[in-house]
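K.L.:
My file is data37.csv. It has CSV, C-alpha atoms:
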```csv
chain,number,residue,atom,x,y,z
Y,829,MET,CA,-10.5,-92.7,-36.7
Y,830,SER,CA,-10.2,-92.9,-32.9
Y,831,SER,CA,-13.4,-93.0,-31.0
Y,832,HIS,CA,-11.9,-91.0,-28.1
Y,833,PRO,CA,-12.4,-87.2,-28.2
Y,834,SER,CA,-9.4,-85.1,-29.1
Y,835,SER,CA,-7.4,-83.3,-26.4
Y,836,ALA,CA,-8.8,-79.9,-27.4
Y,837,THR,CA,-12.4,-81.3,-27.3
Y,838,GLN,CA,-11.8,-82.9,-23.9
Y,839,GLN,CA,-10.5,-79.5,-22.6
Y,840,VAL,CA,-13.6,-77.7,-23.8
Y,841,VAL,CA,-15.8,-80.3,-22.1
Y,842,THR,CA,-13.9,-80.1,-18.9
Y,843,LEU,CA,-14.0,-76.3,-18.9
Y,844,ALA,CA,-17.7,-76.2,-19.7
Y,845,GLU,CA,-18.4,-78.7,-17.0
Y,846,ALA,CA,-16.4,-76.6,-14.5
Y,847,GLN,CA,-18.2,-73.4,-15.5
Y,848,ARG,CA,-21.6,-75.1,-15.1
Y,849,PHE,CA,-20.6,-76.4,-11.6
Y,850,TRP,CA,-19.4,-73.0,-10.5
Y,851,LEU,CA,-22.6,-71.3,-11.7
Y,852,GLN,CA,-24.7,-73.9,-9.9
Y,853,TRP,CA,-22.7,-73.4,-6.7
Y,854,VAL,CA,-23.0,-69.6,-6.8
Y,855,GLU,CA,-26.8,-69.9,-7.4
Y,856,ALA,CA,-27.2,-72.3,-4.5
Y,857,SER,CA,-24.8,-70.4,-2.1
Y,858,PHE,CA,-26.1,-66.9,-2.8
Y,859,PRO,CA,-29.9,-67.3,-3.6
Y,860,ASP,CA,-30.5,-63.5,-3.3
Y,861,LEU,CA,-27.6,-62.4,-5.4
Y,862,ASP,CA,-29.7,-60.0,-7.4
Y,863,SER,CA,-31.3,-58.3,-4.4
Y,864,ARG,CA,-28.8,-58.0,-1.5
Y,865,ALA,CA,-25.2,-57.7,-0.5
Y,866,TYR,CA,-22.9,-60.6,0.4
Y,867,PHE,CA,-19.6,-60.4,2.1
Y,868,LEU,CA,-16.9,-63.1,2.0
Y,869,PRO,CA,-16.1,-64.0,4.7
Y,870,PRO,CA,-19.3,-62.8,6.3
Y,871,VAL,CA,-17.5,-61.7,9.4
Y,872,TYR,CA,-14.0,-60.3,9.7
Y,873,PHE,CA,-11.3,-62.5,11.0
Y,874,ASN,CA,-8.2,-60.9,12.6
Y,875,ARG,CA,-5.0,-62.1,11.0
Y,876,VAL,CA,-2.9,-61.7,14.1
Y,877,PRO,CA,-2.1,-65.0,16.0
Y,878,LEU,CA,-3.4,-65.6,19.5
Y,879,THR,CA,-2.4,-68.0,22.3
Y,880,ARG,CA,-4.5,-69.7,24.8
Y,881,GLU,CA,-4.0,-68.8,28.5
Y,882,SER,CA,-5.8,-69.7,31.7
Y,883,VAL,CA,-7.0,-66.7,33.7
Y,884,GLY,CA,-9.0,-67.3,36.9
Y,885,GLY,CA,-9.7,-70.8,35.8
Y,886,GLN,CA,-11.0,-69.7,32.4
Y,887,ASP,CA,-9.4,-70.3,29.1
Y,888,VAL,CA,-8.9,-67.0,27.2
Y,889,LEU,CA,-7.1,-66.0,23.9
Y,890,VAL,CA,-4.5,-63.3,24.3
Y,891,LEU,CA,-2.1,-61.5,22.0
Y,892,LEU,CA,1.6,-62.0,22.3
Y,893,PRO,CA,3.1,-58.5,21.5
Y,894,ALA,CA,6.7,-58.3,20.5
Y,895,PRO,CA,8.9,-57.2,23.5
Y,896,GLY,CA,9.2,-53.4,23.9
Y,897,GLN,CA,6.3,-52.5,21.7
Y,898,ALA,CA,4.3,-49.3,22.5
Y,899,GLY,CA,1.2,-50.0,24.6
Y,900,GLN,CA,2.5,-53.3,26.0
Y,901,SER,CA,1.4,-53.6,29.6
Y,902,ASN,CA,3.2,-55.3,32.4
Y,903,GLN,CA,0.4,-57.9,32.5
Y,904,GLN,CA,0.9,-58.6,28.8
Y,905,ALA,CA,4.6,-58.9,29.3
Y,906,MET,CA,4.1,-61.4,32.1
Y,907,ALA,CA,1.7,-63.4,30.0
Y,908,SER,CA,4.2,-63.4,27.2
Y,909,SER,CA,7.0,-64.5,29.5
Y,910,ALA,CA,4.8,-67.4,30.9
Y,911,ALA,CA,3.8,-68.4,27.4
Y,912,ALA,CA,7.4,-68.5,26.3
Y,913,GLN,CA,8.1,-71.0,29.0
Y,914,ALA,CA,5.2,-73.3,28.1
Y,915,PRO,CA,6.2,-76.6,26.4
Y,916,SER,CA,3.7,-76.3,23.6
Y,917,PRO,CA,4.7,-74.4,20.4
Y,918,GLN,CA,3.8,-70.7,20.5
Y,919,PRO,CA,2.6,-68.5,17.7
Y,920,PRO,CA,4.9,-65.7,16.4
Y,921,ARG,CA,4.9,-62.4,18.2
Y,922,VAL,CA,2.4,-59.8,17.1
Y,923,GLN,CA,3.6,-56.5,15.8
Y,924,ASP,CA,1.7,-53.3,16.5
Y,925,SER,CA,1.3,-52.7,12.8
Y,926,ASP,CA,-0.6,-56.0,12.5
Y,927,VAL,CA,-3.1,-55.0,15.1
Y,928,ARG,CA,-3.6,-51.5,13.5
Y,929,ASP,CA,-4.1,-53.1,10.1
Y,930,ASP,CA,-6.7,-55.5,11.4
Y,931,ALA,CA,-8.6,-52.7,13.2
Y,932,ALA,CA,-8.6,-50.5,10.1
Y,933,MET,CA,-9.8,-53.3,7.8
Y,934,GLN,CA,-12.5,-54.2,10.2
Y,935,ARG,CA,-13.7,-50.6,10.3
Y,936,VAL,CA,-13.8,-50.3,6.6
Y,937,LEU,CA,-15.8,-53.6,6.2
Y,938,LYS,CA,-18.2,-52.5,8.9
Y,939,CYS,CA,-18.8,-49.2,7.1
Y,940,LEU,CA,-19.4,-51.1,3.8
Y,941,GLN,CA,-21.8,-53.5,5.4
Y,942,LYS,CA,-23.7,-50.7,7.1
Y,943,MET,CA,-23.9,-48.7,3.9
Y,944,SER,CA,-25.2,-51.7,1.9
Y,945,GLU,CA,-27.9,-52.4,4.5
Y,946,GLN,CA,-29.1,-48.8,4.7
Y,947,ASN,CA,-29.0,-48.1,0.9
Y,948,LYS,CA,-30.1,-51.6,-0.2
Y,949,GLU,CA,-27.0,-52.1,-2.3
Y,950,VAL,CA,-26.6,-55.2,-4.4
Y,951,LEU,CA,-22.9,-56.3,-4.3
Y,952,VAL,CA,-20.5,-59.0,-3.4
Y,953,GLY,CA,-17.6,-58.0,-1.2
Y,954,LEU,CA,-14.4,-60.0,-0.7
Y,955,SER,CA,-11.6,-59.1,1.7
Y,956,GLN,CA,-7.9,-60.0,1.9
Y,957,LEU,CA,-8.1,-62.2,-1.2
Y,958,LYS,CA,-4.7,-63.3,-2.4
Y,959,PHE,CA,-4.0,-63.4,-6.1
Y,960,GLU,CA,-2.8,-67.0,-6.0
Y,961,GLN,CA,-6.1,-68.1,-4.3
Y,962,CYS,CA,-7.9,-67.8,-7.6
Y,963,LEU,CA,-8.2,-71.4,-8.9
Y,964,GLY,CA,-5.3,-72.2,-6.7
Y,965,GLU,CA,-6.6,-75.4,-5.1
Y,966,PRO,CA,-5.3,-78.7,-6.5
Y,967,CYS,CA,-8.8,-79.9,-7.5
Y,968,TYR,CA,-8.9,-77.0,-10.0
Y,969,SER,CA,-5.5,-77.7,-11.6
Y,970,ALA,CA,-6.9,-79.3,-14.8
Y,971,VAL,CA,-9.2,-76.3,-15.5
Y,972,ALA,CA,-6.7,-73.7,-14.2
Y,973,GLY,CA,-4.4,-74.5,-17.0
Y,974,GLN,CA,-7.0,-73.3,-19.5
Y,975,LEU,CA,-7.9,-70.1,-17.7
Y,976,PRO,CA,-6.1,-66.8,-16.6
Y,977,VAL,CA,-4.6,-67.3,-13.2
Y,978,ALA,CA,-1.9,-65.4,-11.3
Y,979,ASP,CA,1.0,-67.5,-12.5
Y,980,ASN,CA,0.3,-66.8,-16.2
Y,981,LEU,CA,0.1,-63.0,-15.8
Y,982,PRO,CA,1.5,-61.6,-19.1
Y,983,SER,CA,5.3,-61.1,-19.1
Y,984,SER,CA,4.7,-57.4,-19.9
Y,985,PHE,CA,4.1,-56.9,-16.2
Y,986,PRO,CA,6.8,-57.2,-13.5
Y,987,LYS,CA,7.3,-60.8,-12.2
Y,988,ASN,CA,6.6,-59.7,-8.6
Y,989,TRP,CA,3.1,-58.6,-9.6
Y,990,LYS,CA,2.1,-62.3,-9.7
Y,991,ARG,CA,2.0,-62.2,-5.9
Y,992,GLY,CA,-0.2,-59.8,-3.9
Y,993,ASP,CA,-3.8,-59.4,-2.6
Y,994,PHE,CA,-6.9,-57.4,-2.8
Y,995,ASP,CA,-7.6,-55.6,0.5
Y,996,VAL,CA,-11.2,-55.2,-0.5
Y,997,LEU,CA,-12.8,-56.2,-3.8
Y,998,LEU,CA,-16.4,-55.2,-4.5
Y,999,ILE,CA,-18.4,-56.6,-7.4
Y,1000,HIS,CA,-21.3,-54.1,-7.7
Y,1001,ARG,CA,-24.4,-54.4,-9.8
Y,1002,HIS,CA,-24.0,-50.9,-11.3
Y,1003,HIS,CA,-20.4,-49.9,-10.6
Y,1004,GLY,CA,-18.7,-53.1,-11.6
Y,1005,PHE,CA,-15.4,-53.9,-10.0
Y,1006,VAL,CA,-14.2,-51.7,-7.2
Y,1007,VAL,CA,-10.8,-52.4,-5.7
Y,1008,CYS,CA,-10.0,-50.7,-2.3
Y,1009,GLU,CA,-6.6,-50.4,-0.7
Y,1010,VAL,CA,-6.9,-49.8,3.1
Y,1011,LYS,CA,-4.2,-47.8,5.0
Y,1012,SER,CA,-4.2,-47.8,8.8
Y,1013,PHE,CA,-2.0,-44.7,9.3
Y,1014,GLY,CA,-3.4,-42.1,11.7
Y,1015,HIS,CA,-4.4,-44.2,14.7
Y,1016,ASN,CA,-1.6,-43.2,17.1
Y,1017,ILE,CA,-0.1,-40.0,15.7
Y,1018,HIS,CA,-0.8,-38.1,18.9
Y,1019,GLU,CA,0.8,-40.8,21.1
Y,1020,LEU,CA,3.9,-40.7,18.9
Y,1021,LYS,CA,3.9,-36.9,19.1
Y,1022,MET,CA,4.5,-36.6,15.4
Y,1023,SER,CA,5.1,-33.2,13.9
Y,1024,GLN,CA,2.8,-31.9,11.1
Y,1025,GLN,CA,5.6,-32.4,8.6
Y,1026,GLU,CA,6.1,-36.0,9.7
Y,1027,ILE,CA,2.3,-36.6,9.4
Y,1028,ASP,CA,2.1,-35.1,5.9
Y,1029,ASN,CA,5.2,-37.1,4.7
Y,1030,ASN,CA,3.7,-40.3,6.0
Y,1031,ILE,CA,0.3,-39.7,4.4
Y,1032,ARG,CA,2.0,-38.9,1.0
Y,1033,LYS,CA,4.1,-42.1,1.3
Y,1034,LYS,CA,1.0,-44.2,2.1
Y,1035,LEU,CA,-0.8,-42.6,-0.9
Y,1036,ARG,CA,2.1,-43.4,-3.3
Y,1037,ASP,CA,2.3,-47.0,-1.9
Y,1038,ALA,CA,-1.4,-47.5,-2.2
Y,1039,VAL,CA,-1.5,-46.2,-5.8
Y,1040,SER,CA,1.3,-48.6,-6.7
Y,1041,GLN,CA,-0.5,-51.5,-5.1
Y,1042,LEU,CA,-3.7,-50.6,-6.8
Y,1043,ASP,CA,-2.0,-50.5,-10.2
Y,1044,LYS,CA,-0.8,-54.1,-9.5
Y,1045,ALA,CA,-4.3,-55.2,-8.3
Y,1046,GLU,CA,-5.9,-53.6,-11.4
Y,1047,ALA,CA,-3.5,-55.4,-13.7
Y,1048,MET,CA,-4.1,-58.8,-12.0
Y,1049,LEU,CA,-7.9,-58.4,-11.9
Y,1050,SER,CA,-8.0,-57.4,-15.6
Y,1051,HIS,CA,-6.0,-60.5,-16.4
Y,1052,LEU,CA,-8.2,-62.8,-14.2
Y,1053,VAL,CA,-11.4,-61.8,-16.0
Y,1054,SER,CA,-9.9,-61.3,-19.5
Y,1055,ASP,CA,-11.5,-64.5,-20.8
Y,1056,ILE,CA,-15.0,-63.4,-20.0
Y,1057,ALA,CA,-14.8,-59.5,-19.8
Y,1058,PRO,CA,-11.7,-58.2,-21.7
Y,1059,GLY,CA,-11.1,-54.5,-21.2
Y,1060,LEU,CA,-13.4,-54.3,-18.1
Y,1061,ARG,CA,-13.3,-51.0,-16.3
Y,1062,ILE,CA,-12.0,-51.2,-12.8
Y,1063,THR,CA,-12.4,-48.5,-10.2
Y,1064,LYS,CA,-9.5,-48.0,-7.7
Y,1065,THR,CA,-10.0,-46.5,-4.2
Y,1066,ILE,CA,-7.9,-45.7,-1.2
Y,1067,ALA,CA,-9.3,-45.8,2.3
Y,1068,PHE,CA,-7.8,-44.0,5.3
Y,1069,PRO,CA,-10.3,-44.9,8.0
Y,1070,ASN,CA,-8.2,-43.2,10.8
Y,1071,LEU,CA,-7.8,-39.8,9.1
Y,1072,LYS,CA,-10.1,-36.9,8.4
Y,1073,ALA,CA,-10.5,-35.5,5.0
Y,1074,ARG,CA,-8.7,-32.3,5.8
Y,1075,GLN,CA,-5.6,-34.2,6.9
Y,1076,VAL,CA,-5.3,-35.9,3.6
Y,1077,GLN,CA,-6.1,-32.8,1.6
Y,1078,GLN,CA,-3.5,-30.8,3.6
Y,1079,ALA,CA,-0.8,-33.5,2.9
Y,1080,ILE,CA,-1.6,-33.4,-0.8
Y,1081,SER,CA,-1.7,-29.7,-1.1
Y,1082,GLY,CA,1.8,-29.5,0.2
Y,1083,ASP,CA,3.2,-31.8,-2.5
Y,1084,THR,CA,3.5,-30.4,-6.1
Y,1085,ARG,CA,3.4,-34.0,-7.5
Y,1086,MET,CA,0.0,-34.5,-5.9
Y,1087,SER,CA,-1.4,-31.0,-6.1
Y,1088,GLN,CA,-3.6,-31.9,-9.1
Y,1089,VAL,CA,-5.2,-34.9,-7.4
Y,1090,GLY,CA,-8.8,-34.5,-6.3
Y,1091,ILE,CA,-9.6,-36.7,-3.3
Y,1092,TYR,CA,-12.5,-36.9,-0.9
Y,1093,PHE,CA,-12.3,-38.9,2.3
Y,1094,THR,CA,-14.8,-39.2,5.0
Y,1095,SER,CA,-14.4,-40.2,8.7
Y,1096,SER,CA,-18.0,-40.5,9.4
Y,1097,LYS,CA,-19.5,-43.7,11.0
Y,1098,TYR,CA,-20.4,-45.1,7.6
Y,1099,TRP,CA,-19.9,-44.2,4.0
Y,1100,ARG,CA,-22.8,-43.4,1.6
Y,1101,TRP,CA,-22.2,-45.1,-1.7
Y,1102,SER,CA,-22.1,-41.8,-3.5
Y,1103,SER,CA,-19.2,-40.7,-1.3
Y,1104,PHE,CA,-17.3,-43.9,-1.7
Y,1105,TYR,CA,-17.7,-43.8,-5.5
Y,1106,PHE,CA,-16.6,-40.2,-5.5
Y,1107,ILE,CA,-13.4,-41.2,-3.8
Y,1108,ALA,CA,-12.8,-43.8,-6.5
Y,1109,GLU,CA,-13.5,-41.5,-9.4
Y,1110,GLN,CA,-11.2,-38.7,-8.2
Y,1111,ILE,CA,-8.0,-40.5,-7.3
Y,1112,ARG,CA,-5.5,-39.8,-10.1
Y,1113,VAL,CA,-1.8,-39.9,-9.0
```
Take the structure in this file and express it as structure tokens.
P.N.:
Amino acid sequence: MSSHPSSATQQVVTLAEAQRFWLQWVEASFPDLDSRAYFLPPVYFNRVPLTRESVGGQDVLVLLPAPGQAGQSNQQAMASSAAAQAPSPQPPRVQDSDVRDDAAMQRVLKCLQKMSEQNKEVLVGLSQLKFEQCLGEPCYSAVAGQLPVADNLPSSFPKNWKRGDFDVLLIHRHHGFVVCEVKSFGHNIHELKMSQQEIDNNIRKKLRDAVSQLDKAEAMLSHLVSDIAPGLRITKTIAFPNLKARQVQQAISGDTRMSQVGIYFTSSKYWRWSSFYFIAEQIRV
């Protein structure tokens, strides 16, 4: 008999070692995991690219809006033109939607952080986590082959569900997994002079898109934790930080396909956990 362990045994040892390493890393990195909230990353990073400009002898970072966008000032246009002539490579132009999405996400995360501080919540919050980032680094390749990852999502789901992200993923001591889809619509409806019908139609579309995205996120999250928590209940939520509750309720009441949906949204400075959970429990589209 060979003195070397079998391939199956070696896999078990490798996986067990990896799990011990991850557990030790979590305990060292988050020493108060059972008594406070942690957010990853701890501060929000805008996704939009910036370019470095010299203004009054000082280096500043500025956005490069796409030409002709709403809200673009002459000064911004001049800065963009000057940047375009610079010899160094320039980042891609920033779309208005990117800026709105960043602002909405930042507001939601600030609300959650404020809520967790005031209510002494115990949770871990992750934002903008891509599916493929789970065990996606090359150093985890040996172990990743033995665990559920995005690429081995069951074939019963559409292939395009292997790619996506969690806008906000909360791991809560009592409520378990809470997945939140953030929609930025509502920031500039007055500037665009949208009719009430246009506003309602946009809200309904955003709701339908969010529900579809949450279904994909739920399937992926269930798959990723299936080796340790099969059948785990996942709460799905939708956040419209730029809308009032009555605006969403009005849009839903005018659509027979959504008339049975019970939704509560709040536009207050921060969300109490009871309100946030109520949103999650009532969305059924």
K.L.:
Might you pull out every residue within 9 Å of Ser863 of chain Y, with only C-alpha atoms counted and same-chain residues fewer than 2 positions away left off, and present them as a VMD selection string?
P.N.:
chain Y and resid 860 to 861 865 948 to 951
K.L.:
Have a look at Y:Val952, Y:Val883, Y:Met1048, Y:Leu1060 and name the one nearest to Asp979 of chain Y; count all atoms listed in the file.
P.N.:
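Comparing Y:Val952, Y:Val883, Y:Met1048, Y:Leu1060 against Asp979 of chain Y, the winner is Y:Met1048.
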K.L.:
Can you tell me how far atom CA of Ala1079 of chain Y sits from atom CA of Ile1017 of chain Y, in Å to one decimal?
P.N.:
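Value for the atom CA of Ala1079 of chain Y-atom CA of Ile1017 of chain Y distance: 14.4 Å.
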K.L.:
Which one of Y:Arg1032, Y:Lys958, Y:Arg1074, Y:Lys942 sits closest to Tyr866 of chain Y if you count only C-alpha atoms?
P.N.:
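Of all the options, Y:Lys942 lies closest to Tyr866 of chain Y.
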K.L.:
Mind checking which residues fall within 10 Å of Gly964 of chain Y, counting only C-alpha atoms, ignoring those fewer than 5 positions away in the same chain, and posting them as a list in words?
P.N.:
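Returned residues: Lys958, Phe959, Ser969, Ala972, Val977, Ala978 and Asp979 of chain Y.
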K.L.:
With a distance cut-off of 9 Å and all atoms listed in the file, select the neighbouring residues of segment 1040-1043 of chain Y, excluding the residue or stretch itself and same-chain residues fewer than 5 positions from it, and output the selection as a CSV table (one decimal) with C-alpha atoms, in the coordinates of the input.
P.N.:
```
chain,number,residue,atom,x,y,z
Y,992,GLY,CA,-0.2,-59.8,-3.9
Y,993,ASP,CA,-3.8,-59.4,-2.6
Y,994,PHE,CA,-6.9,-57.4,-2.8
Y,1007,VAL,CA,-10.8,-52.4,-5.7
Y,1008,CYS,CA,-10.0,-50.7,-2.3
Y,1009,GLU,CA,-6.6,-50.4,-0.7
Y,1035,LEU,CA,-0.8,-42.6,-0.9
Y,1048,MET,CA,-4.1,-58.8,-12.0
Y,1064,LYS,CA,-9.5,-48.0,-7.7
Y,1065,THR,CA,-10.0,-46.5,-4.2
Y,1066,ILE,CA,-7.9,-45.7,-1.2
```
K.L.:
Determine, counting only C-alpha atoms, which protein, DNA and RNA residues have an atom within 7 Å of an atom of Asn1070 of chain Y; residues of the same chain fewer than 5 positions away are not included. Present the result as a ChimeraX atom specification.
P.N.:
/Y:1012-1015
